[in-house]
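The structure appears below as structure tokens.
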Amino acid sequence: MIAFLGQGRMGAPMARRLVEAGHEVRTWRRGNGVTAAAAVDGAGLVITMLSDPAAVREVVTAALPGLRPGTTLVEMSTIGPEAVRELRALLPAEVGLVDAPVLGSVGPAASGALTVLAGGDVAGCREVLSTFGRVRELGPLGTGAAMKIAVMSALVPVQVLLAETFAYGGAHGVDRDALVDVLADTPLGVAAERLRAPSWETRYSLAHAAKDLELAAWHGAWMSAAARTRLQDARAAGLGERDVTAIAEHVAGPAAGSGARRAVPLNLATVPATNGMYSHAVRAGDTLYVSGQAAFDERGNIVGAGSMTAQAEHVFQVVARILADQGATFDDVVFIRTYLTDMDDRVAYGRVRRKYITGTPPASTTVEVSKLFMPGLLLEVDLIVALPSR
């Protein structure tokens with residue numbers, strides 16, 4: 001029996017493919033009244049197709065009590081290789097893991113024409129994966145996830161580049177159809193045709209495109225970082241659930257982008273989710289305001305209970321990921337404010353801080369407070385950062 005834990009536009013057609021191929025399938029989605037543990041109970045193969053790394057961690061953690069020894073978990077979401085390694089550490093040793101994200105959208109998912117990018121030992125699930133389309137076996141665990149992010153790091157920025165190309169043409173009296181026709185004779189022809197008229201059917205949402213580039217963030221990836229910023233702006237303007245081709249409308253000019261927010265909230269998939277009452281950071285022009293960061297893991301539990309060193313390390317690692325997402329480093333920090341529940345811990349805190357802030361120190365304030373918002377937290381840090389100009 002196969003347990004399919006999925007949501008969104010891709011999950012339903014993929015589950016139907018399995019049923020049509022004659023497999024016994026038990027499906028799970030949020031709000032269907034069945035726990036994830038109950039859904040996977042007795043399954044020899046469990047497939048996850050979820051929105052982001054945080055969702056995968058949450059659902060797999062909830063499913064752990066139902067996973068039996070010998071079960072294989074096939075993770076088909078787009079979560080990146082780091083999240084796959086974290087997932088391997090989360091699972092019991094007797095539960096197998098394969099990472100197998102897919103290339104393709106809703107149409108190919110329904111017809112079985114996806115490309116499956118598989119990492120790890122697929123011997124026990126190759127036949128099932130072939131139900132979805134062509135299976136490419138890429139190597140050890142994590143290589144499928146890495147391949148998916150690498151591919152999206154090319155495909156998504158190309159669409160943003162073409163949106164800017166169309167905007168330039170429009171501003172100089174170039175007919176869009178004529179421009180697309182000229183581009184048809186170049187390697188960009190297929191992508192340009194997709195953006196000729198942005199799709200009103202969401203095949204690959206703009207929000208998911210932004211998420212994929214957030215996962216792809218690495219220092220020095222300037223083109224991907226610039227495309228990511230464009231997509232984040234469009235998402236903040238309310239286009240997140242539109243097809244990614246809507247980026248052409250957003251970039252076209254003031255009339256198309258008039259609803260864009262000057263303050264762009266940022267919530268990273270690589271950072272433990274907030275409680276919904278705040279964002280990890282907000283970008284306003286070339287300034288980044290980072291919310292107070294405390295030592296929480298993905299489940300909302302305190303990291304390093306009783307240890308200032310452990311909590312400070314966790315906080316600065318999270319801040320480093322937020323900075324990297326925006327193409328910044330600790331050298332770009334303008335102001336840092338630290339709240340300590342015990343000023344006697346400032347020496348241990350300072351040792352960690354100096355590992356990350358190594359140059360001329362920024363403006364800084366450190367204060368002692370009687371308590372933070374959860375018992376056991378020893379510090380909270382917020383920052384103001386000067387970002388590279390767009």
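In the structure tokens, chains take the letters A, B, ... in the order shown, each chain's residues start at 1, and ligands count up from 1 in the order shown.
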List the spatial neighbours of region 353-366 of chain A as JSON, numbers by chain - criterion: any atom at most 7 Å away, only C-alpha atoms, same-chain residues fewer than 2 positions off excluded. {"A": [330, 331, 333, 334, 335, 336, 337, 338, 339, 349, 350, 351]}
Mind checking which residues fall within 7 Å of Val135 (chain A), counting only C-alpha atoms, ignoring those fewer than 4 positions away in the same chain, and posting them as a PyMOL selection string? chain A and resi 115-118+129-130
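For region 255-324 of chain A, backbone-based DSSP assignment of strand (DSSP E) covers Ala263, Val264, Pro265, Leu266, Ala281, Val282, Arg283, Ala284, Thr287, Leu288, Tyr289, Val290, Ser291, Gly292 and Gln293 of chain A.
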Would you export the selected residues with all heavy atoms as an mmCIF file, in the first residue's frame, please?
```
data_model
loop_
_atom_site.group_PDB
_atom_site.id
_atom_site.type_symbol
_atom_site.label_atom_id
_atom_site.label_comp_id
_atom_site.auth_asym_id
_atom_site.auth_seq_id
_atom_site.Cartn_x
_atom_site.Cartn_y
_atom_site.Cartn_z
ATOM 1 N N ALA A 263 7.175 48.276 1.243
ATOM 2 C CA ALA A 263 7.727 47.404 2.286
ATOM 3 C C ALA A 263 7.420 45.963 1.906
ATOM 4 O O ALA A 263 6.258 45.582 1.777
ATOM 5 C CB ALA A 263 7.114 47.744 3.639
ATOM 6 N N VAL A 264 8.465 45.164 1.697
ATOM 7 C CA VAL A 264 8.298 43.791 1.212
ATOM 8 C C VAL A 264 8.623 42.813 2.337
ATOM 9 O O VAL A 264 9.789 42.663 2.718
ATOM 10 C CB VAL A 264 9.210 43.516 -0.002
ATOM 11 C CG1 VAL A 264 9.007 42.090 -0.504
ATOM 12 C CG2 VAL A 264 8.942 44.525 -1.109
ATOM 13 N N PRO A 265 7.619 42.133 2.903
ATOM 14 C CA PRO A 265 7.888 41.144 3.945
ATOM 15 C C PRO A 265 8.626 39.939 3.359
ATOM 16 O O PRO A 265 8.362 39.503 2.244
ATOM 17 C CB PRO A 265 6.491 40.741 4.436
ATOM 18 C CG PRO A 265 5.571 41.806 3.916
ATOM 19 C CD PRO A 265 6.186 42.289 2.645
ATOM 20 N N LEU A 266 9.535 39.389 4.125
ATOM 21 C CA LEU A 266 10.322 38.234 3.695
ATOM 22 C C LEU A 266 10.172 37.124 4.723
ATOM 23 O O LEU A 266 10.426 37.332 5.914
ATOM 24 C CB LEU A 266 11.805 38.607 3.563
ATOM 25 C CG LEU A 266 12.117 39.798 2.641
ATOM 26 C CD1 LEU A 266 13.575 40.207 2.773
ATOM 27 C CD2 LEU A 266 11.789 39.452 1.204
ATOM 28 N N ALA A 281 11.770 39.198 8.223
ATOM 29 C CA ALA A 281 12.400 40.479 7.936
ATOM 30 C C ALA A 281 11.499 41.243 6.972
ATOM 31 O O ALA A 281 10.607 40.668 6.350
ATOM 32 C CB ALA A 281 13.789 40.289 7.340
ATOM 33 N N VAL A 282 11.750 42.538 6.850
ATOM 34 C CA VAL A 282 11.037 43.369 5.881
ATOM 35 C C VAL A 282 12.071 44.215 5.155
ATOM 36 O O VAL A 282 12.929 44.859 5.786
ATOM 37 C CB VAL A 282 9.994 44.285 6.556
ATOM 38 C CG1 VAL A 282 9.401 45.252 5.545
ATOM 39 C CG2 VAL A 282 8.889 43.446 7.202
ATOM 40 N N ARG A 283 11.988 44.176 3.820
ATOM 41 C CA ARG A 283 12.877 44.999 3.004
ATOM 42 C C ARG A 283 12.143 46.259 2.594
ATOM 43 O O ARG A 283 11.020 46.205 2.084
ATOM 44 C CB ARG A 283 13.325 44.230 1.768
ATOM 45 C CG ARG A 283 14.244 45.034 0.864
ATOM 46 C CD ARG A 283 14.847 44.185 -0.239
ATOM 47 N NE ARG A 283 15.839 44.968 -0.973
ATOM 48 C CZ ARG A 283 16.883 44.457 -1.605
ATOM 49 N NH1 ARG A 283 17.068 43.146 -1.601
ATOM 50 N NH2 ARG A 283 17.743 45.224 -2.241
ATOM 51 N N ALA A 284 12.768 47.408 2.805
ATOM 52 C CA ALA A 284 12.239 48.689 2.354
ATOM 53 C C ALA A 284 13.342 49.368 1.558
ATOM 54 O O ALA A 284 14.324 49.850 2.139
ATOM 55 C CB ALA A 284 11.807 49.556 3.533
ATOM 56 N N THR A 287 17.170 48.831 2.453
ATOM 57 C CA THR A 287 17.349 48.604 3.886
ATOM 58 C C THR A 287 16.546 47.385 4.304
ATOM 59 O O THR A 287 15.388 47.222 3.905
ATOM 60 C CB THR A 287 16.895 49.823 4.708
ATOM 61 O OG1 THR A 287 17.628 50.978 4.283
ATOM 62 C CG2 THR A 287 17.134 49.605 6.194
ATOM 63 N N LEU A 288 17.174 46.540 5.107
ATOM 64 C CA LEU A 288 16.520 45.331 5.614
ATOM 65 C C LEU A 288 16.372 45.450 7.124
ATOM 66 O O LEU A 288 17.352 45.715 7.836
ATOM 67 C CB LEU A 288 17.357 44.095 5.277
ATOM 68 C CG LEU A 288 16.750 42.739 5.661
ATOM 69 C CD1 LEU A 288 15.557 42.423 4.762
ATOM 70 C CD2 LEU A 288 17.795 41.629 5.556
ATOM 71 N N TYR A 289 15.139 45.250 7.597
ATOM 72 C CA TYR A 289 14.855 45.254 9.030
ATOM 73 C C TYR A 289 14.597 43.804 9.450
ATOM 74 O O TYR A 289 13.614 43.195 9.005
ATOM 75 C CB TYR A 289 13.645 46.136 9.340
ATOM 76 C CG TYR A 289 13.839 47.574 8.925
ATOM 77 C CD1 TYR A 289 13.540 47.985 7.628
ATOM 78 C CD2 TYR A 289 14.342 48.517 9.820
ATOM 79 C CE1 TYR A 289 13.729 49.302 7.228
ATOM 80 C CE2 TYR A 289 14.529 49.839 9.433
ATOM 81 C CZ TYR A 289 14.224 50.225 8.134
ATOM 82 O OH TYR A 289 14.412 51.529 7.753
ATOM 83 N N VAL A 290 15.461 43.254 10.281
ATOM 84 C CA VAL A 290 15.364 41.854 10.696
ATOM 85 C C VAL A 290 14.675 41.788 12.052
ATOM 86 O O VAL A 290 15.117 42.421 13.021
ATOM 87 C CB VAL A 290 16.758 41.200 10.771
ATOM 88 C CG1 VAL A 290 16.628 39.733 11.187
ATOM 89 C CG2 VAL A 290 17.464 41.303 9.416
ATOM 90 N N SER A 291 13.587 41.019 12.118
ATOM 91 C CA SER A 291 12.849 40.879 13.368
ATOM 92 C C SER A 291 13.723 40.235 14.445
ATOM 93 O O SER A 291 14.720 39.561 14.145
ATOM 94 C CB SER A 291 11.612 40.005 13.148
ATOM 95 O OG SER A 291 10.697 40.630 12.300
ATOM 96 N N GLY A 292 13.306 40.416 15.689
ATOM 97 C CA GLY A 292 14.019 39.790 16.785
ATOM 98 C C GLY A 292 14.106 38.285 16.597
ATOM 99 O O GLY A 292 13.089 37.622 16.437
ATOM 100 N N GLN A 293 15.327 37.759 16.587
ATOM 101 C CA GLN A 293 15.559 36.326 16.383
ATOM 102 C C GLN A 293 15.934 35.684 17.708
ATOM 103 O O GLN A 293 16.790 36.190 18.435
ATOM 104 C CB GLN A 293 16.675 36.104 15.352
ATOM 105 C CG GLN A 293 16.388 36.717 13.994
ATOM 106 C CD GLN A 293 15.152 36.113 13.340
ATOM 107 O OE1 GLN A 293 14.955 34.897 13.357
ATOM 108 N NE2 GLN A 293 14.310 36.967 12.765
#
```
Choose the residue, out of A:Pro53, A:Pro140, A:Gly169, A:Gly119, that has the smallest atom-to-atom separation from Glu82 (chain A); count only C-alpha atoms. A:Pro53
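Shortest atom-to-atom contact with Pro101 (chain A) among A:Leu67, A:Val180, A:Leu138, A:Ala234: A:Leu138, counting only C-alpha atoms.
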Please identify all polymer residues within 10 Å of Ala43 (chain A), counting only C-alpha atoms, omitting same-chain residues fewer than 6 positions from it, and present them as a ChimeraX atom specification. /A:1-4,24-26,66-68,70-73
DSSP on the backbone, then: every residue of region 121-180 of chain A marked helix (DSSP H, G or I), written as a PyMOL selection string. chain A and resi 126-129+143-171+176-180
Test item: residues at most 12 Å from region 102-109 of chain A, only C-alpha atoms, excluding those fewer than 2 positions along its chain, as a PyMOL selection string: chain A and resi 8-18+48-49+74-79+99-100+111-119+129-136+144-152+155+201-205+208+243-244
Keeping C-alpha atoms, export the residues of the selection given above as a PDB file, in the first residue's frame.
```
ATOM      1  CA  GLY A   8      -1.629  21.773  -3.846  1.00  0.00           C
ATOM      2  CA  ARG A   9      -2.076  21.510  -7.571  1.00  0.00           C
ATOM      3  CA  MET A  10       0.453  18.728  -8.140  1.00  0.00           C
ATOM      4  CA  GLY A  11      -0.634  16.333  -5.400  1.00  0.00           C
ATOM      5  CA  ALA A  12      -4.075  15.371  -6.706  1.00  0.00           C
ATOM      6  CA  PRO A  13      -3.084  14.433 -10.291  1.00  0.00           C
ATOM      7  CA  MET A  14      -0.060  12.502  -9.057  1.00  0.00           C
ATOM      8  CA  ALA A  15      -2.182  10.494  -6.611  1.00  0.00           C
ATOM      9  CA  ARG A  16      -4.646   9.758  -9.424  1.00  0.00           C
ATOM     10  CA  ARG A  17      -1.808   8.436 -11.583  1.00  0.00           C
ATOM     11  CA  LEU A  18      -0.986   5.898  -8.886  1.00  0.00           C
ATOM     12  CA  THR A  48       5.348  13.390   0.265  1.00  0.00           C
ATOM     13  CA  MET A  49       4.473  16.218  -2.128  1.00  0.00           C
ATOM     14  CA  VAL A  74       9.988   9.182  -1.182  1.00  0.00           C
ATOM     15  CA  GLU A  75      10.234  12.950  -0.782  1.00  0.00           C
ATOM     16  CA  MET A  76       9.051  14.600  -4.023  1.00  0.00           C
ATOM     17  CA  SER A  77       8.687  18.235  -2.923  1.00  0.00           C
ATOM     18  CA  THR A  78      11.183  20.952  -3.819  1.00  0.00           C
ATOM     19  CA  ILE A  79      13.088  21.420  -0.575  1.00  0.00           C
ATOM     20  CA  ASP A  99      14.617  12.303  -2.732  1.00  0.00           C
ATOM     21  CA  ALA A 100      12.748  12.566  -6.030  1.00  0.00           C
ATOM     22  CA  SER A 111      -0.496  12.620 -18.116  1.00  0.00           C
ATOM     23  CA  GLY A 112       2.515  10.942 -16.524  1.00  0.00           C
ATOM     24  CA  ALA A 113       5.030  13.076 -18.412  1.00  0.00           C
ATOM     25  CA  LEU A 114       7.004  14.521 -15.487  1.00  0.00           C
ATOM     26  CA  THR A 115      10.767  14.175 -15.162  1.00  0.00           C
ATOM     27  CA  VAL A 116      11.631  12.566 -11.821  1.00  0.00           C
ATOM     28  CA  LEU A 117      15.032  13.610 -10.426  1.00  0.00           C
ATOM     29  CA  ALA A 118      15.940  10.796  -8.057  1.00  0.00           C
ATOM     30  CA  GLY A 119      18.673  10.649  -5.440  1.00  0.00           C
ATOM     31  CA  LEU A 129       8.228   6.527  -9.741  1.00  0.00           C
ATOM     32  CA  SER A 130       7.981   5.619 -13.410  1.00  0.00           C
ATOM     33  CA  THR A 131       4.207   6.064 -13.074  1.00  0.00           C
ATOM     34  CA  PHE A 132       4.859   9.808 -12.943  1.00  0.00           C
ATOM     35  CA  GLY A 133       7.171   9.945 -15.974  1.00  0.00           C
ATOM     36  CA  ARG A 134      10.828   9.540 -16.870  1.00  0.00           C
ATOM     37  CA  VAL A 135      13.049   8.662 -13.904  1.00  0.00           C
ATOM     38  CA  ARG A 136      16.586  10.045 -13.887  1.00  0.00           C
ATOM     39  CA  GLY A 144      17.882  14.801  -6.870  1.00  0.00           C
ATOM     40  CA  ALA A 145      17.043  17.760  -4.644  1.00  0.00           C
ATOM     41  CA  ALA A 146      20.245  19.552  -5.656  1.00  0.00           C
ATOM     42  CA  MET A 147      19.540  18.957  -9.349  1.00  0.00           C
ATOM     43  CA  LYS A 148      16.031  20.406  -9.013  1.00  0.00           C
ATOM     44  CA  ILE A 149      17.317  23.594  -7.384  1.00  0.00           C
ATOM     45  CA  ALA A 150      20.108  23.900  -9.952  1.00  0.00           C
ATOM     46  CA  VAL A 151      17.635  23.620 -12.831  1.00  0.00           C
ATOM     47  CA  MET A 152      15.220  26.129 -11.307  1.00  0.00           C
ATOM     48  CA  LEU A 155      14.675  28.427 -15.605  1.00  0.00           C
ATOM     49  CA  GLU A 201      -4.189  29.110 -15.394  1.00  0.00           C
ATOM     50  CA  THR A 202      -1.686  28.648 -12.592  1.00  0.00           C
ATOM     51  CA  ARG A 203       0.657  25.883 -13.708  1.00  0.00           C
ATOM     52  CA  TYR A 204       3.603  26.962 -11.553  1.00  0.00           C
ATOM     53  CA  SER A 205       2.759  29.683  -9.080  1.00  0.00           C
ATOM     54  CA  HIS A 208       6.517  28.740  -5.554  1.00  0.00           C
ATOM     55  CA  ASP A 243       1.227  31.695 -12.696  1.00  0.00           C
ATOM     56  CA  VAL A 244       4.893  32.741 -12.668  1.00  0.00           C
TER      57      VAL A 244
END
```
Find the residues near Lys211 (chain A): any atom within 8 Å, counting only C-alpha atoms, skip ones fewer than 2 places away on the same chain, and give them as a ChimeraX atom specification. /A:52,207-209,213-215,268-269
